[in-house]
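Novice: Before anything else, here's the structure in question.
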Amino acid sequence: MQNKKENLAGFLFILPAIIPLMVFWILPVVFSGALSFTDWDMMSEKIRFMGLKNYTSLLRDPNFGRVLKNTLVFAVGSTVPTIFLGMMTALVMNGARKGTGIYRTIIFAPYITPMVAISVVWSWIFEPRVGILNFIMRLAGLPESQWLQSSRSAMVSVLIVTVWKSLGWTMIFYMEAIRKVPQNLLESAAIDGAGGFLRFVKITLPMISPTTFFLVIMSTISSLQAYDQIQVLTQGGPAGATRTLLYYYYQEAFQNFNTGKASAVAVILVIITVILSLAETRISKKTVFYH
């Protein structure tokens, strides 16, 4: 009897959190999954069951294969530089003696700035004729680029904006993780003759591996959900060069009004996110960097 009362009390405590979770996450996911088997266009009163036709049409669509490739390139191209540069910046910041607070604020500021505002500013920077980036390249004697207007450089341009915005967030986590590395281990290694690089590889890197694992997972999920910068900077172009799964979903749902196919894209995106998260978890447990 006592256990039942405790279970009921515990359930009542978590009920305020469960209700929003059910209403705004679980039910929409289930509803989207159900819509992926229909041909609903958001306007018709009748909804016809289509079975797996939406999924088979996606697999046969050559554009969908390119979208998957763009999504993978964007995920890797944004996650790896963000993690590496964030770690290096944190090491430099922890080694600085003066002005750390000011520099940390400046580097972190882009993260709390809306992505739309950042993308608008960068669209001016990337402008081929009057943009400051090409102006700097001219001064340096380097060849100019079309940046957002070329299918060869558009993805790189979007990645630059994404990494620049996320760098400060990654840096903050690494700064805290590096501060928690026991100094006695580093001092003992230094006494034994280990140089700075060896101490970093053998002590610091393994000690901060849980933070690295967390940041890799979060950065990957964030990259799969990227939309704002793509919409503002390229609208998925040129010629589909920057169209990722989420942007493809937007086009199918709100431009082509093909809600069934768009829901199938959303389901595939969720599956890819889960698979990548599980794969990264398994890999992290088998590497020497896991602590």
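By order of appearance in the structure tokens: chains A, B, ..., then residues from 1 within every chain, and ligands from 1 in the order shown.
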Return as JSON lines the residues of stretch 239-268 of chain A lying at most 7 Å from stretch 139-157 of chain A, together with the closest atom-to-atom pair for each and the distance in Å to one decimal, counting only C-alpha atoms, with rows in chain order and ascending residue number.

Specialist:
{"residue": "A:Ala239", "atom": "CA", "partner": "A:Ser151", "partner_atom": "CA", "distance": 6.7}
{"residue": "A:Ala241", "atom": "CA", "partner": "A:Ser151", "partner_atom": "CA", "distance": 5.4}
{"residue": "A:Thr242", "atom": "CA", "partner": "A:Met155", "partner_atom": "CA", "distance": 5.5}

Novice: What's around A:Thr71 at 8 Å? Count only C-alpha atoms, leave out sequence neighbours fewer than 3 positions away in its own chain, and write the answer as a list of chain:residue names.

Specialist: A:Val67, A:Leu68, A:Phe74, A:Ala75, A:Leu224, A:Arg243, A:Thr244, A:Leu245

Novice: May I ask which of the residues A:Phe214, A:Trp40, A:Trp122, A:Trp25 is the closest one to A:Lys261, counting only C-alpha atoms?

Specialist: A:Trp40

Novice: Which residues, written as a VMD selection string, have at least one atom at most 6 Å from A:Tyr111, with only C-alpha atoms counted and residues fewer than 2 positions away on the same chain left out?

Specialist: chain A and resid 108 to 109 113 165 to 166

Novice: Give the answer as one residue: which of A:Gln229, A:Pro128, A:Tyr247, A:Ala264 has the shortest atom-to-atom distance to A:Pro114, using only C-alpha atoms?

Specialist: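 Of the candidates, the smallest distance to A:Pro114 is held by A:Gln229.
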
Novice: Given only C-alpha atoms as the basis, pick out the residue of A:Met50, A:Met175, A:Ile275, A:Leu59 nearest to A:Gly101.

Specialist: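 Of all the options, A:Met175 lies closest to A:Gly101.
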
Novice: Give me the residues within 8 Å of A:Tyr174 as a ChimeraX atom specification, counting only C-alpha atoms and dropping any in the same chain fewer than 2 places off.

Specialist: /A:86-87,90,170-172,176-178,208,211

Novice: Any chance you could export the current selection's N, CA and C atoms as a CSV table (one decimal), in the first residue's frame?

Specialist:
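Output below, filename out-v7.csv:
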chain,number,residue,atom,x,y,z
A,86,GLY,N,36.7,24.5,-31.2
A,86,GLY,CA,36.2,24.8,-29.9
A,86,GLY,C,37.2,24.4,-28.8
A,87,MET,N,37.8,23.2,-29.1
A,87,MET,CA,38.8,22.6,-28.1
A,87,MET,C,40.0,23.5,-28.2
A,90,ALA,N,39.5,26.8,-26.4
A,90,ALA,CA,39.4,26.6,-25.0
A,90,ALA,C,40.8,26.5,-24.4
A,170,THR,N,30.7,25.6,-28.0
A,170,THR,CA,31.7,24.4,-27.8
A,170,THR,C,32.8,24.8,-26.9
A,171,MET,N,33.3,26.0,-27.1
A,171,MET,CA,34.4,26.5,-26.3
A,171,MET,C,34.1,26.6,-24.8
A,172,ILE,N,32.9,27.0,-24.4
A,172,ILE,CA,32.5,27.1,-23.0
A,172,ILE,C,32.6,25.8,-22.3
A,176,GLU,N,35.4,24.5,-19.3
A,176,GLU,CA,35.1,24.0,-18.0
A,176,GLU,C,35.6,22.6,-17.8
A,177,ALA,N,35.6,21.7,-18.9
A,177,ALA,CA,36.1,20.4,-18.8
A,177,ALA,C,37.7,20.4,-18.6
A,178,ILE,N,38.4,21.3,-19.2
A,178,ILE,CA,39.8,21.4,-19.1
A,178,ILE,C,40.2,21.8,-17.7
A,208,ILE,N,38.8,14.7,-20.9
A,208,ILE,CA,37.7,15.5,-21.4
A,208,ILE,C,36.9,14.8,-22.5
A,211,THR,N,33.0,15.1,-22.4
A,211,THR,CA,32.6,16.3,-23.0
A,211,THR,C,32.6,16.3,-24.5

Novice: Identify which of the residues A:Phe11, A:Phe126, A:Phe31, A:Phe197 lies closest to A:Ser263, counting only C-alpha atoms when measuring atom-to-atom distances.

Specialist: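 Among the listed residues, the smallest separation from A:Ser263 belongs to A:Phe31.
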
Novice: Which polymer residues have any atom within 10 Å of an atom of A:Ile203, counting only C-alpha atoms, with same-chain residues fewer than 4 positions away left out, as a PyMOL selection string?

Specialist: chain A and resi 181-182+185-186+189+197-199+207-208+289

Novice: Those selected residues, please, written with C-alpha atoms and delivered as a compact mmCIF listing (two decimals), in the first residue's frame.

Specialist:
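The resulting file, out24.txt, is reproduced below:
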# COMPACT_ATOMS: atom_id res chain seq x y z
CA VAL A 181 41.58 17.99 -15.27
CA PRO A 182 43.62 17.18 -12.10
CA LEU A 185 48.50 14.42 -13.04
CA LEU A 186 49.82 17.09 -15.38
CA ALA A 189 53.81 13.94 -16.20
CA PHE A 197 51.70 17.96 -26.48
CA LEU A 198 52.23 14.55 -24.87
CA ARG A 199 50.48 15.68 -21.67
CA MET A 207 39.89 13.25 -19.29
CA ILE A 208 37.70 15.54 -21.41
CA PHE A 289 39.18 8.70 -25.53

Novice: Find the residue from A:Val92, A:Ile14, A:Met115, A:Leu58 that sits nearest to A:Ser36; use only C-alpha atoms when measuring.

Specialist: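 Of all the options, A:Leu58 lies closest to A:Ser36.
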
Novice: Go ahead and compute the interatomic distance for atom CA of A:Ser32 and atom CA of A:Asp228, in Å to one decimal.

Specialist: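 Distance reported for this atom pair: 21.6 Å.
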